[in-house]
$ cat query37.txt   # compact mmCIF, C-alpha atoms
# COMPACT_ATOMS: atom_id res chain seq x y z
CA MET U 1 36.07 -57.19 8.81
CA ARG U 2 35.12 -56.14 5.31
CA VAL U 3 37.32 -54.50 2.69
CA THR U 4 36.26 -53.48 -0.78
CA ARG U 5 38.29 -51.92 -3.54
CA GLU U 6 37.63 -50.92 -7.12
CA LEU U 7 40.29 -50.38 -9.73
CA VAL U 8 40.54 -49.99 -13.48
CA ILE U 9 43.19 -51.95 -15.33
CA GLU U 10 44.03 -51.17 -18.93
CA VAL U 11 43.51 -54.68 -20.26
CA PRO U 12 40.19 -56.30 -21.23
CA PRO U 13 38.58 -58.84 -18.87
CA GLU U 14 39.40 -61.67 -21.29
CA ALA U 15 43.13 -60.91 -20.92
CA LEU U 16 42.89 -60.44 -17.15
CA TRP U 17 41.08 -63.69 -16.45
CA PRO U 18 43.98 -66.09 -17.22
CA ILE U 19 46.25 -64.13 -14.86
CA LEU U 20 43.88 -64.84 -11.98
CA TRP U 21 44.51 -68.56 -12.52
CA ASP U 22 48.27 -68.28 -12.98
CA VAL U 23 49.43 -69.43 -9.54
CA PRO U 24 53.01 -68.07 -9.50
CA ARG U 25 51.90 -64.69 -10.85
CA MET U 26 49.00 -64.39 -8.44
CA ALA U 27 51.28 -65.35 -5.55
CA ALA U 28 53.66 -62.58 -6.60
CA CYS U 29 50.75 -60.09 -6.58
CA LEU U 30 49.60 -61.00 -3.06
CA PRO U 31 51.76 -59.32 -0.38
CA GLY U 32 53.21 -61.92 2.01
CA CYS U 33 52.11 -64.91 -0.09
CA ALA U 34 54.51 -67.84 -0.46
CA GLU U 35 54.50 -71.57 -1.14
CA ALA U 36 51.45 -71.22 -3.39
CA GLN U 37 50.45 -74.42 -5.12
CA GLU U 38 47.61 -75.89 -7.09
CA VAL U 39 45.97 -78.92 -5.44
CA ILE U 40 43.06 -79.45 -7.86
CA PRO U 41 43.09 -77.12 -10.87
CA HIS U 42 40.35 -74.48 -10.78
CA SER U 43 39.09 -75.89 -7.49
CA ARG U 44 41.58 -76.11 -4.62
CA TYR U 45 44.83 -74.33 -3.85
CA ARG U 46 47.22 -73.93 -0.92
CA ALA U 47 49.40 -71.00 0.09
CA ARG U 48 51.15 -69.54 3.11
CA MET U 49 50.35 -65.94 4.07
CA THR U 50 52.78 -64.02 6.22
CA GLN U 51 51.91 -60.61 7.66
CA LYS U 52 53.70 -58.40 10.17
CA VAL U 53 52.36 -55.82 12.59
CA GLY U 54 55.47 -54.31 14.13
CA PRO U 55 57.24 -57.11 16.02
CA ILE U 56 54.25 -59.45 15.69
CA SER U 57 54.39 -61.78 12.74
CA LEU U 58 51.69 -64.12 11.59
CA SER U 59 52.27 -67.03 9.24
CA VAL U 60 49.18 -68.94 8.18
CA PRO U 61 48.95 -71.94 5.85
CA LEU U 62 45.74 -71.32 3.92
CA ASP U 63 43.43 -73.76 2.15
CA VAL U 64 41.76 -71.98 -0.74
CA GLU U 65 38.57 -73.23 -2.31
CA ILE U 66 37.05 -71.80 -5.47
CA LEU U 67 33.35 -71.26 -4.86
CA ALA U 68 32.32 -69.83 -8.21
CA ALA U 69 34.03 -69.05 -11.49
CA GLU U 70 32.22 -67.40 -14.41
CA PRO U 71 34.84 -66.44 -16.96
CA PRO U 72 35.77 -63.68 -17.41
CA ARG U 73 33.40 -61.84 -15.07
CA HIS U 74 33.16 -63.33 -11.63
CA LEU U 75 35.32 -65.29 -9.22
CA ALA U 76 34.53 -66.22 -5.61
CA LEU U 77 36.77 -68.10 -3.24
CA SER U 78 37.12 -68.92 0.41
CA ALA U 79 40.37 -69.23 2.36
CA ARG U 80 40.87 -70.72 5.80
CA GLY U 81 43.88 -71.36 7.95
CA ARG U 82 45.40 -71.36 11.41
CA ASP U 83 48.73 -70.17 12.79
CA PRO U 84 49.47 -72.69 15.55
CA LEU U 85 52.25 -70.58 17.10
CA VAL U 86 50.15 -67.46 17.54
CA GLY U 87 46.88 -69.36 17.91
CA ALA U 88 45.12 -67.28 15.27
CA GLU U 89 42.44 -68.59 12.97
CA ILE U 90 41.69 -66.82 9.75
CA SER U 91 38.72 -67.32 7.49
CA MET U 92 37.78 -65.12 4.59
CA ARG U 93 35.69 -64.98 1.48
CA VAL U 94 36.89 -63.04 -1.52
CA THR U 95 34.98 -62.03 -4.62
CA ILE U 96 36.42 -60.51 -7.76
CA ASP U 97 34.07 -59.01 -10.34
CA CYS U 98 35.38 -57.90 -13.66
CA GLU U 99 33.51 -55.61 -16.04
CA ALA U 100 34.60 -54.30 -19.44
CA VAL U 101 35.15 -50.53 -19.47
CA GLY U 102 36.29 -49.14 -22.83
CA THR U 103 39.41 -51.12 -23.72
CA GLY U 104 40.10 -52.03 -20.09
CA ALA U 105 38.44 -53.70 -17.14
CA ARG U 106 36.92 -52.43 -13.93
CA LEU U 107 37.76 -54.81 -11.11
CA SER U 108 35.67 -54.87 -7.93
CA ILE U 109 37.34 -56.81 -5.15
CA GLY U 110 35.54 -57.61 -1.92
CA ALA U 111 37.06 -59.44 1.03
CA GLU U 112 35.12 -60.37 4.10
CA GLY U 113 36.85 -62.22 6.87
CA GLN U 114 37.52 -62.90 10.49
CA VAL U 115 40.62 -63.22 12.60
CA LEU U 116 39.84 -65.28 15.67
CA GLY U 117 41.88 -66.28 18.69
CA LYS U 118 44.26 -64.25 20.80
CA LEU U 119 45.40 -62.19 17.86
CA GLY U 120 41.85 -60.96 17.34
CA GLY U 121 42.18 -59.22 20.70
CA LEU U 122 44.99 -57.10 19.30
CA GLY U 123 42.34 -54.98 17.69
CA GLN U 124 40.11 -55.59 14.73
CA GLY U 125 40.76 -52.02 13.65
CA ILE U 126 44.46 -52.70 13.26
CA ILE U 127 43.76 -55.93 11.38
CA GLN U 128 41.32 -54.08 9.12
CA ARG U 129 44.00 -51.47 8.28
CA LYS U 130 46.48 -54.21 7.46
CA ALA U 131 43.94 -55.93 5.21
CA GLU U 132 43.22 -52.64 3.41
CA GLU U 133 46.95 -52.03 2.86
CA ALA U 134 47.40 -55.57 1.54
CA LEU U 135 44.46 -55.24 -0.87
CA ASP U 136 45.72 -51.88 -2.16
CA GLU U 137 49.14 -53.39 -2.79
CA PHE U 138 47.51 -56.40 -4.50
CA GLY U 139 45.66 -54.04 -6.85
CA ARG U 140 48.86 -52.17 -7.75
CA ARG U 141 50.80 -55.36 -8.39
CA LEU U 142 47.98 -56.93 -10.41
CA ALA U 143 47.72 -53.82 -12.59
CA ARG U 144 51.47 -53.97 -13.22
CA ALA U 145 51.37 -57.70 -13.97
CA ALA U 146 48.40 -57.32 -16.32
CA THR U 147 49.65 -54.34 -18.28
CA GLY U 148 53.12 -55.90 -18.49
CA GLU U 149 51.56 -58.99 -20.02
CA ALA U 150 49.43 -56.97 -22.42
CA SER U 151 52.47 -55.16 -23.80
CA GLY U 152 54.69 -58.24 -23.78
CA MET J 1 54.55 -70.16 27.70
CA ILE J 2 57.66 -68.27 26.71
CA ARG J 3 59.75 -70.06 24.11
CA PRO J 4 63.47 -70.49 24.76
CA PHE J 5 65.78 -67.58 23.87
CA ASP J 6 69.35 -66.44 24.43
CA LEU J 7 69.85 -63.52 26.79
CA ARG J 8 72.71 -61.14 25.99
CA ARG J 9 73.70 -58.34 28.33
CA PRO J 10 75.97 -55.91 26.48
CA THR J 11 77.69 -53.18 28.47
CA ALA J 12 78.37 -50.75 25.62
CA LEU J 13 76.37 -49.40 22.68
CA GLY J 14 78.95 -50.86 20.29
CA GLU J 15 78.12 -54.35 21.56
CA VAL J 16 74.40 -53.67 21.16
CA GLY J 17 75.03 -52.59 17.57
CA ALA J 18 77.08 -55.72 16.87
CA LEU J 19 74.35 -58.00 18.25
CA LEU J 20 71.63 -56.24 16.25
CA GLY J 21 73.81 -56.49 13.15
CA GLU J 22 74.34 -60.21 13.75
CA TYR J 23 70.76 -61.25 14.52
CA GLY J 24 68.64 -58.62 12.72
CA ASP J 25 64.93 -59.03 13.39
CA ALA J 26 65.57 -62.31 15.28
CA ALA J 27 66.81 -60.12 18.15
CA ALA J 28 64.56 -58.04 20.40
CA LEU J 29 65.78 -55.14 22.50
CA TYR J 30 64.80 -55.62 26.11
CA ALA J 31 64.68 -52.93 28.79
CA GLY J 32 61.79 -53.03 31.28
CA GLY J 33 60.11 -55.90 29.46
CA THR J 34 56.65 -54.78 30.57
CA GLU J 35 55.31 -54.83 27.00
CA LEU J 36 57.64 -57.32 25.32
CA LEU J 37 57.23 -60.14 27.82
CA LEU J 38 53.43 -59.98 27.53
CA LEU J 39 53.71 -60.56 23.80
CA MET J 40 56.30 -63.29 24.30
CA LYS J 41 54.03 -65.10 26.75
CA GLU J 42 51.20 -64.96 24.22
CA GLY J 43 53.54 -66.34 21.56
CA PHE J 44 53.03 -63.26 19.36
CA VAL J 45 56.74 -62.44 19.41
CA ARG J 46 59.37 -65.18 19.37
CA PRO J 47 62.84 -63.63 19.41
CA ARG J 48 65.89 -65.92 19.31
CA VAL J 49 67.93 -63.40 21.26
CA LEU J 50 66.97 -60.84 23.88
CA VAL J 51 69.41 -57.94 24.03
CA ASP J 52 69.13 -56.54 27.55
CA VAL J 53 70.21 -52.91 27.29
CA LYS J 54 69.84 -52.04 30.97
CA CYS J 55 73.57 -52.62 31.57
CA VAL J 56 74.65 -50.00 29.02
CA PRO J 57 75.95 -47.12 31.15
CA GLY J 58 74.33 -43.72 30.69
CA LEU J 59 71.24 -44.91 28.85
CA ASP J 60 69.10 -44.26 31.92
CA ARG J 61 70.27 -40.67 32.38
CA VAL J 62 67.69 -37.86 32.64
CA THR J 63 69.31 -34.47 32.14
CA ALA J 64 68.61 -30.86 31.34
CA VAL J 65 70.41 -29.99 28.12
CA ALA J 66 70.63 -26.83 26.06
CA GLY J 67 67.11 -26.12 24.86
CA GLY J 68 65.37 -28.87 26.74
CA ILE J 69 65.38 -32.16 28.58
CA GLU J 70 66.95 -35.40 27.47
CA ILE J 71 65.48 -38.63 28.83
CA GLY J 72 67.60 -41.73 28.32
CA ALA J 73 65.84 -44.75 26.82
CA THR J 74 66.19 -46.99 29.87
CA ALA J 75 65.05 -44.36 32.38
CA SER J 76 62.06 -45.79 34.24
CA HIS J 77 58.79 -43.89 34.61
CA ARG J 78 59.56 -43.66 38.32
CA SER J 79 62.93 -42.03 37.75
CA VAL J 80 61.30 -39.53 35.38
CA GLU J 81 58.72 -38.72 38.03
CA ARG J 82 61.49 -38.10 40.55
CA SER J 83 63.94 -36.31 38.27
CA GLU J 84 64.70 -32.77 39.40
CA ALA J 85 65.47 -31.73 35.84
CA VAL J 86 62.06 -32.93 34.64
CA ARG J 87 60.24 -31.39 37.59
CA ALA J 88 61.95 -28.05 36.94
CA HIS J 89 61.63 -27.86 33.15
CA ALA J 90 58.70 -30.11 32.27
CA PRO J 91 56.63 -30.68 35.42
CA LEU J 92 53.70 -32.03 33.40
CA VAL J 93 55.91 -34.95 32.30
CA ALA J 94 56.84 -35.70 35.92
CA GLY J 95 53.17 -35.52 36.89
CA VAL J 96 52.00 -37.84 34.12
CA ALA J 97 54.79 -40.34 34.94
CA ARG J 98 53.01 -40.88 38.26
CA HIS J 99 49.87 -41.99 36.39
CA VAL J 100 51.36 -44.38 33.82
CA ALA J 101 49.84 -47.89 34.04
CA ASN J 102 50.42 -49.31 37.55
CA VAL J 103 53.13 -49.15 40.18
CA ARG J 104 54.93 -52.27 38.94
CA VAL J 105 55.10 -50.95 35.39
CA ARG J 106 56.26 -47.53 36.61
CA ALA J 107 59.08 -49.12 38.62
CA VAL J 108 60.58 -51.12 35.76
CA GLY J 109 58.95 -49.88 32.54
CA THR J 110 61.11 -47.49 30.56
CA VAL J 111 60.47 -44.38 28.50
CA GLY J 112 62.41 -45.74 25.53
CA GLY J 113 60.59 -49.06 25.67
CA ASN J 114 57.24 -47.31 25.78
CA LEU J 115 58.01 -45.22 22.69
CA ALA J 116 59.81 -47.94 20.71
CA PHE J 117 57.04 -50.45 21.33
CA ALA J 118 54.51 -47.98 19.87
CA ASP J 119 51.50 -49.45 21.61
CA PRO J 120 48.70 -47.21 20.34
CA HIS J 121 47.50 -46.76 23.94
CA SER J 122 50.56 -44.89 25.20
CA ASP J 123 50.41 -41.84 27.45
CA LEU J 124 53.94 -40.73 26.67
CA ALA J 125 53.69 -40.80 22.89
CA THR J 126 50.74 -38.40 23.12
CA LEU J 127 52.14 -36.19 25.88
CA PHE J 128 55.58 -35.81 24.31
CA LEU J 129 54.07 -34.42 21.11
CA VAL J 130 53.28 -31.15 22.90
CA PHE J 131 56.97 -30.95 23.82
CA ASP J 132 57.96 -31.25 20.13
CA ALA J 133 59.77 -34.44 21.10
CA ARG J 134 62.56 -35.87 18.98
CA VAL J 135 63.91 -39.38 19.38
CA VAL J 136 67.58 -40.29 19.03
CA LEU J 137 68.31 -43.49 17.12
CA TRP J 138 71.78 -44.98 17.26
CA SER J 139 73.40 -47.68 15.14
CA LEU J 140 76.94 -48.67 14.19
CA ALA J 141 76.38 -46.57 11.05
CA GLY J 142 75.81 -43.42 13.13
CA GLU J 143 73.20 -41.44 15.02
CA ARG J 144 70.07 -39.76 13.70
CA GLU J 145 67.31 -37.72 15.25
CA LEU J 146 63.67 -37.91 14.22
CA PRO J 147 60.59 -35.98 15.33
CA LEU J 148 58.46 -38.32 17.45
CA ALA J 149 55.58 -37.60 15.07
CA ASP J 150 57.60 -39.21 12.26
CA PHE J 151 58.97 -42.00 14.43
CA VAL J 152 55.63 -43.60 15.32
CA LEU J 153 54.24 -44.93 12.05
CA GLY J 154 51.23 -46.85 13.37
CA PRO J 155 50.21 -49.45 15.94
CA TYR J 156 53.40 -51.24 17.06
CA GLU J 157 55.28 -49.84 14.07
CA THR J 158 58.05 -47.26 14.14
CA ALA J 159 60.73 -45.88 11.86
CA ARG J 160 63.43 -47.71 13.86
CA ARG J 161 65.50 -50.03 11.68
CA ASP J 162 66.42 -53.50 12.94
CA ASP J 163 70.05 -52.39 13.43
CA GLU J 164 69.10 -49.31 15.48
CA ILE J 165 68.44 -48.68 19.15
CA LEU J 166 66.44 -45.76 20.49
CA THR J 167 68.84 -44.15 22.96
CA ALA J 168 66.99 -41.04 24.14
CA VAL J 169 64.09 -38.67 23.66
CA ARG J 170 64.59 -34.90 23.66
CA LEU J 171 61.83 -32.59 24.84
CA ARG J 172 61.54 -28.87 24.18
CA PRO J 173 59.91 -27.13 27.15
CA TRP J 174 57.09 -24.66 26.57
CA HIS J 175 57.27 -20.90 26.50
CA ALA J 176 57.61 -19.25 29.90
CA GLY J 177 54.24 -18.85 31.58
CA ALA J 178 52.52 -21.52 29.51
CA ALA J 179 49.91 -23.72 31.16
CA GLY J 180 49.36 -27.31 30.24
CA THR J 181 47.33 -30.35 31.08
CA TYR J 182 47.13 -34.03 30.31
CA LEU J 183 43.86 -35.91 30.68
CA LYS J 184 43.15 -39.50 30.05
CA PHE J 185 40.20 -41.78 30.16
CA GLY J 186 40.06 -45.54 30.13
CA VAL J 187 38.04 -48.55 31.04
CA HIS J 188 41.13 -50.77 30.99
CA GLU J 189 44.58 -50.14 32.45
CA ARG J 190 45.79 -48.69 29.18
CA PRO J 191 44.17 -45.38 28.26
CA THR J 192 41.29 -45.38 25.81
CA LEU J 193 42.03 -41.75 25.08
CA GLY J 194 44.70 -39.22 26.06
CA VAL J 195 44.70 -35.47 25.45
CA ALA J 196 47.51 -33.00 26.07
CA ALA J 197 46.87 -29.26 25.81
CA VAL J 198 49.24 -26.33 26.29
CA LEU J 199 48.26 -22.68 26.10
CA THR J 200 50.53 -19.63 26.15
CA LEU J 201 49.04 -16.16 26.56
CA GLU J 202 49.90 -12.91 24.83
CA ALA J 203 51.64 -10.28 26.98
CA ASP J 204 48.20 -8.75 27.67
CA GLY J 205 47.17 -11.96 29.46
CA GLN J 206 43.85 -11.96 27.59
CA THR J 207 44.29 -13.94 24.40
CA VAL J 208 46.06 -17.11 23.32
CA ALA J 209 49.42 -16.55 21.66
CA ASP J 210 50.36 -20.17 21.14
CA ALA J 211 48.54 -23.49 21.50
CA ARG J 212 49.76 -27.04 21.36
CA LEU J 213 47.25 -29.91 21.32
CA ALA J 214 47.83 -33.62 20.98
CA LEU J 215 45.41 -36.48 20.97
CA GLY J 216 46.32 -40.13 21.30
CA CYS J 217 45.24 -43.71 21.95
CA ILE J 218 42.12 -43.43 19.78
CA GLY J 219 43.75 -43.97 16.40
CA PRO J 220 46.68 -45.71 14.79
CA ARG J 221 49.09 -43.12 16.21
CA PRO J 222 49.02 -39.99 18.34
CA GLN J 223 48.60 -36.73 16.49
CA ARG J 224 49.01 -32.98 16.91
CA LEU J 225 45.86 -31.06 16.02
CA GLY J 226 47.38 -28.27 13.93
CA VAL J 227 44.09 -26.86 12.60
CA LEU J 228 42.67 -26.54 16.08
CA GLU J 229 45.90 -25.00 17.38
CA THR J 230 45.71 -22.31 14.69
CA ARG J 231 42.05 -21.70 15.48
CA LEU J 232 42.87 -21.21 19.17
CA CYS J 233 45.49 -18.53 18.57
CA GLY J 234 43.98 -15.08 19.18
CA THR J 235 41.00 -16.52 21.05
CA PRO J 236 40.11 -14.82 24.37
CA ILE J 237 41.34 -17.10 27.14
CA ALA J 238 38.29 -16.39 29.32
CA ASP J 239 36.04 -17.81 26.60
CA ILE J 240 38.08 -21.01 26.48
CA ALA J 241 38.02 -21.32 30.25
CA GLN J 242 34.23 -21.24 30.16
CA SER J 243 33.88 -23.36 27.00
CA ARG J 244 32.12 -20.46 25.26
CA THR J 245 34.09 -20.58 22.04
CA GLY J 246 32.83 -23.63 20.19
CA VAL J 247 36.40 -23.82 18.97
CA THR J 248 36.41 -27.61 19.25
CA ASP J 249 33.16 -28.01 17.31
CA GLY J 250 33.73 -30.41 14.48
CA ALA J 251 37.36 -30.84 15.52
CA ALA J 252 36.94 -34.56 15.92
CA ASP J 253 35.59 -35.06 12.40
CA ALA J 254 39.06 -35.16 10.92
CA ILE J 255 40.50 -37.38 13.63
CA ASP J 256 41.71 -40.78 12.52
CA THR J 257 40.21 -43.34 14.90
CA LEU J 258 40.33 -47.12 15.11
CA THR J 259 37.79 -49.56 16.49
CA ASP J 260 39.25 -51.91 19.09
CA LEU J 261 38.46 -53.45 22.48
CA HIS J 262 38.36 -49.95 23.99
CA GLY J 263 35.43 -48.89 21.82
CA SER J 264 34.22 -48.10 18.36
CA ALA J 265 35.79 -45.44 16.18
CA ASP J 266 32.59 -43.34 16.42
CA TYR J 267 32.55 -43.56 20.20
CA LYS J 268 36.16 -42.49 20.43
CA ARG J 269 35.53 -39.54 18.12
CA GLU J 270 32.72 -38.37 20.41
CA MET J 271 34.89 -38.81 23.50
CA ALA J 272 37.73 -36.93 21.84
CA GLN J 273 35.48 -33.91 21.46
CA VAL J 274 34.44 -34.07 25.13
CA PHE J 275 38.00 -34.45 26.43
CA LEU J 276 39.43 -31.77 24.16
CA ARG J 277 36.91 -29.35 25.63
CA ARG J 278 37.77 -30.40 29.18
CA ALA J 279 41.52 -30.17 28.57
CA LEU J 280 41.25 -26.70 27.08
CA ARG J 281 39.06 -25.53 29.94
CA LEU J 282 41.59 -26.76 32.51
CA ALA J 283 44.62 -25.33 30.70
CA ALA J 284 42.85 -22.00 30.21
CA SER J 285 41.90 -21.76 33.90
CA ARG J 286 45.48 -22.46 34.90
CA ALA J 287 46.81 -19.92 32.38
CA MET J 288 44.51 -17.29 33.93
CA GLY J 289 45.74 -18.16 37.42
CA GLN J 290 42.32 -19.38 38.48
CA PRO J 291 41.77 -22.39 40.73
CA VAL J 292 41.63 -25.54 38.64
CA ASP J 293 38.86 -28.00 39.21
CA ALA J 294 40.70 -31.17 38.17
CA ARG J 295 37.98 -33.55 39.23
CA TYR J 296 38.57 -36.06 36.47
CA PRO J 297 40.74 -39.06 37.42
CA HIS J 298 44.38 -39.13 36.22
CA THR J 299 44.32 -35.45 35.38
CA VAL J 300 47.56 -33.50 35.62
CA VAL J 301 47.61 -29.71 35.30
CA CYS J 302 50.80 -27.63 35.41

$ encode --input "query37.txt" --output "C-alpha cells"
Amino acid sequence: MRVTRELVIEVPPEALWPILWDVPRMAACLPGCAEAQEVIPHSRYRARMTQKVGPISLSVPLDVEILAAEPPRHLALSARGRDPLVGAEISMRVTIDCEAVGTGARLSIGAEGQVLGKLGGLGQGIIQRKAEEALDEFGRRLARAATGEASG
Amino acid sequence: MIRPFDLRRPTALGEVGALLGEYGDAAALYAGGTELLLLMKEGFVRPRVLVDVKCVPGLDRVTAVAGGIEIGATASHRSVERSEAVRAHAPLVAGVARHVANVRVRAVGTVGGNLAFADPHSDLATLFLVFDARVVLWSLAGERELPLADFVLGPYETARRDDEILTAVRLRPWHAGAAGTYLKFGVHERPTLGVAAVLTLEADGQTVADARLALGCIGPRPQRLGVLETRLCGTPIADIAQSRTGVTDGAADAIDTLTDLHGSADYKREMAQVFLRRALRLAASRAMGQPVDARYPHTVVC
C-alpha cells in the first residue's frame, strides 16, 4: 500500500516545522489519533490510531520512531503496532518533504505500509482507500492548523 | 471465538428503536446473521447487544404495492425466490435469488441484511439498481426513503444511522415488454463481478428505447452506467444482439474498481467489459424474442 499527496500551505517551511513536532496539535490533525505522547523528544512517540470501516473498527497502539529529521525540509518516521482483538498488524513508513514556494510551503507526504493478519484479507483496496481518505483529511487539518497559527 | 453479548428479541419496531437509542453503535441488528456472525467469529465486530429483528411482525412481508414490489428487510432469499408477487412483477429478482451464495445462506440470509451490510460483493445491491430501488429506513424520529444508489456509500458503509433500521426495499418494475438479464462471475462463493442489463424496445421493435445497466462487486459500490445507457438508446437491437455496435468500447475506463482477493483493479476492468458485452447480447436476444444461449453459469434472463 502506498499513498502520496502533495499540498501547498500558505506558511513558510520554517513556521510549519515546529507544528510537526507539537504532539497535541499533530494528534488533532491525524484522523482517529488519540493518546499521543512523547517518549523521547524528537526520537520516539506513542499514539493510538482508531479507524472504522463500516461496522469493523480497528484500534492500534502505535510505536513511532523518527528515522530522519532535517529541519525544516525533511522528516521520515516509521510506525508499528498491533490490534490484539482484530489480530491486525500495521507497519508503515512516512516521509514529509517541505519545500519553500513563494511565501508558503509545498508539502509532499508519502506513506508506505502494510496491514497484515486477518484484516488484510478484507481487501487491500479498501484499506488503501481508507488510507487515502485519512491522508487527505490530515492535509486539510494541517493546513488549517498552520494558517491559524500564522495569523494568530 | 465469538465474544459474549446480550441477545434482545424485540417484537415491535418501537422496541427496536428504543434499543438502538439506548446502545447506539454498541448494538448490532441481527436478522439472518450470515454476514454478521462471520465478522463476529473473526473478532472484527464486537457488539455488546445483538438486536434480533426476526420477531418483528411484518418485516418479512413481500408484497406488490402501487408502482412496484416491496420486500421486507427480514424476507429470506428463499422467500423472495418463491414469492408470487416477485415472480409476477420482477421475475429476474426471483431468478437471481436462486443463485445467491449457497443453499444455507438462501434459507436464512435476508434481503435487508444483505443490503445493510453493504458487502461490496453483493448480487442484490447490483441487481436492484436496475429496478431503481429505494430503501426504507425507520427510526423513532420517523421514516425516510433513500435511493439504493445513495444508501450504499462504500464497502461495508451505508447511509443508515445508528438509530435506524432498514425495514424494506421498494423496486420499480421495468416497462412492459422489457428484457433483462443478470450475469455474475466468481472464483469464490461471493461474486467477483455482477452485471444487470435491461433493454426496452421502441414500438417498432427495432431500436432501444430505454436501457438500464448496473455493474457491481468490482468497486467500492455498485453503480449504474448512465453514459452507456444513453449511448444504447436508439441503437438497433439486432446490432446489440450480435455485438456489432462497439457500444461498450471504452465503457470500463471510467469504472471505479478496487484490488482485492478477487483480482486486481485492471483485471476487473477488463472482465467488466467482457461481461457487459455478454449481458447486452443476452438481453437483446431476449428482447427480440430469439432463443437465448445462456451458457454462462449463474445467468438469469427474463

$ residues_around --input "query37.txt" --residues "Leu153 (chain J)" --least-positions-apart "3" --cutoff "12 Å" --atoms "only C-alpha atoms" --output "list of chain:residue names"
U:Val53, U:Gly54, J:Leu115, J:Ala116, J:Phe117, J:Ala118, J:Asp119, J:Pro120, J:Ala125, J:Leu146, J:Pro147, J:Leu148, J:Ala149, J:Asp150, J:Tyr156, J:Glu157, J:Thr158, J:Ala159, J:Arg160, J:Gly219, J:Pro220, J:Arg221, J:Pro222, J:Gln223

$ write_last_selection --input "query37.txt" --atoms "C-alpha atoms" --output "CSV table (one decimal), in the coordinates of the input"
chain,number,residue,atom,x,y,z
U,53,VAL,CA,52.4,-55.8,12.6
U,54,GLY,CA,55.5,-54.3,14.1
J,115,LEU,CA,58.0,-45.2,22.7
J,116,ALA,CA,59.8,-47.9,20.7
J,117,PHE,CA,57.0,-50.4,21.3
J,118,ALA,CA,54.5,-48.0,19.9
J,119,ASP,CA,51.5,-49.4,21.6
J,120,PRO,CA,48.7,-47.2,20.3
J,125,ALA,CA,53.7,-40.8,22.9
J,146,LEU,CA,63.7,-37.9,14.2
J,147,PRO,CA,60.6,-36.0,15.3
J,148,LEU,CA,58.5,-38.3,17.4
J,149,ALA,CA,55.6,-37.6,15.1
J,150,ASP,CA,57.6,-39.2,12.3
J,156,TYR,CA,53.4,-51.2,17.1
J,157,GLU,CA,55.3,-49.8,14.1
J,158,THR,CA,58.0,-47.3,14.1
J,159,ALA,CA,60.7,-45.9,11.9
J,160,ARG,CA,63.4,-47.7,13.9
J,219,GLY,CA,43.8,-44.0,16.4
J,220,PRO,CA,46.7,-45.7,14.8
J,221,ARG,CA,49.1,-43.1,16.2
J,222,PRO,CA,49.0,-40.0,18.3
J,223,GLN,CA,48.6,-36.7,16.5

$ closest_residue --input "query37.txt" --among "J:Leu215, J:Ala178, J:Val65, J:Ala209" --to "Gly194 (chain J)" --atoms "only C-alpha atoms"
J:Leu215

$ closest_atom_pairs --input "query37.txt" --of "chain J" --to "chain U" --cutoff "6 Å" --atoms "only C-alpha atoms" --output "tab-separated table"
residue	atom	partner	partner_atom	distance
J:Gly43	CA	U:Val86	CA	5.4
J:Phe44	CA	U:Val86	CA	5.4
J:Val45	CA	U:Ile56	CA	5.4
J:Tyr156	CA	U:Gly54	CA	4.7
J:Glu157	CA	U:Gly54	CA	4.5
J:Leu258	CA	U:Gly125	CA	5.1
J:Thr259	CA	U:Gly125	CA	4.8
J:Asp260	CA	U:Gly123	CA	4.6

$ residues_around --input "query37.txt" --residues "Ala283 (chain J)" --least-positions-apart "2" --cutoff "12 Å" --atoms "all atoms listed in the file" --output "PyMOL selection string"
chain J and resi 92+177-183+195-201+208+211-213+237-238+240-243+276-281+285-294+299-302

$ residues_around --input "query37.txt" --residues "Glu38 (chain U)" --least-positions-apart "5" --cutoff "9 Å" --atoms "all atoms listed in the file" --output "PyMOL selection string"
chain U and resi 23+43-47

$ closest_residue --input "query37.txt" --among "J:Gly205, J:Gly226, J:Pro155, J:Gly142" --to "Gly17 (chain J)" --atoms "all atoms listed in the file"
J:Gly142

$ atom_distance --input "query37.txt" --atom1 "CA of Arg295 (chain J)" --atom2 "CA of Glu84 (chain J)"
26.7 Å

$ atom_distance --input "query37.txt" --atom1 "CA of Asp97 (chain U)" --atom2 "CA of Ile109 (chain U)"
6.5 Å

$ residues_near_point --input "query37.txt" --point "(65.2, -29.6, 30.5)" --cutoff "10 Å" --atoms "all atoms listed in the file" --output "list in words"
Val62, Thr63, Ala64, Val65, Ala66, Gly67, Gly68, Ile69, Glu70, Ile71, Glu84, Ala85, Val86, Arg87, Ala88, His89, Ala90, Pro91, Arg170, Leu171, Arg172 and Pro173 of chain J

$ residues_near_point --input "query37.txt" --point "(43.8, -63.4, -10.8)" --cutoff "12 Å" --atoms "all atoms listed in the file" --output "PyMOL selection string"
chain U and resi 13-30+42+69+71-77+94-98+107+109+138-139+141-143+145-146

$ atom_distance --input "query37.txt" --atom1 "CA of Val93 (chain J)" --atom2 "CA of Leu137 (chain J)"
21.4 Å

$ build_atoms --input "query37.txt" --residues "region 106-110 of chain J" --atoms "N, CA, C and O atoms" --output "PDB file, in the frame of the given file"
ATOM      1  N   ARG J 106      55.516 -48.790  36.444  1.00  0.00           N
ATOM      2  CA  ARG J 106      56.260 -47.530  36.610  1.00  0.00           C
ATOM      3  C   ARG J 106      57.655 -47.788  37.186  1.00  0.00           C
ATOM      4  O   ARG J 106      58.596 -47.075  36.885  1.00  0.00           O
ATOM      5  N   ALA J 107      57.784 -48.836  37.994  1.00  0.00           N
ATOM      6  CA  ALA J 107      59.080 -49.120  38.620  1.00  0.00           C
ATOM      7  C   ALA J 107      60.083 -49.677  37.624  1.00  0.00           C
ATOM      8  O   ALA J 107      61.277 -49.390  37.713  1.00  0.00           O
ATOM      9  N   VAL J 108      59.627 -50.479  36.674  1.00  0.00           N
ATOM     10  CA  VAL J 108      60.580 -51.120  35.760  1.00  0.00           C
ATOM     11  C   VAL J 108      60.393 -50.705  34.292  1.00  0.00           C
ATOM     12  O   VAL J 108      61.334 -50.799  33.502  1.00  0.00           O
ATOM     13  N   GLY J 109      59.194 -50.282  33.926  1.00  0.00           N
ATOM     14  CA  GLY J 109      58.950 -49.880  32.540  1.00  0.00           C
ATOM     15  C   GLY J 109      59.764 -48.649  32.186  1.00  0.00           C
ATOM     16  O   GLY J 109      59.974 -47.771  33.023  1.00  0.00           O
ATOM     17  N   THR J 110      60.218 -48.590  30.949  1.00  0.00           N
ATOM     18  CA  THR J 110      61.110 -47.490  30.560  1.00  0.00           C
ATOM     19  C   THR J 110      60.455 -46.579  29.519  1.00  0.00           C
ATOM     20  O   THR J 110      59.562 -46.997  28.782  1.00  0.00           O
TER      21      THR J 110
END
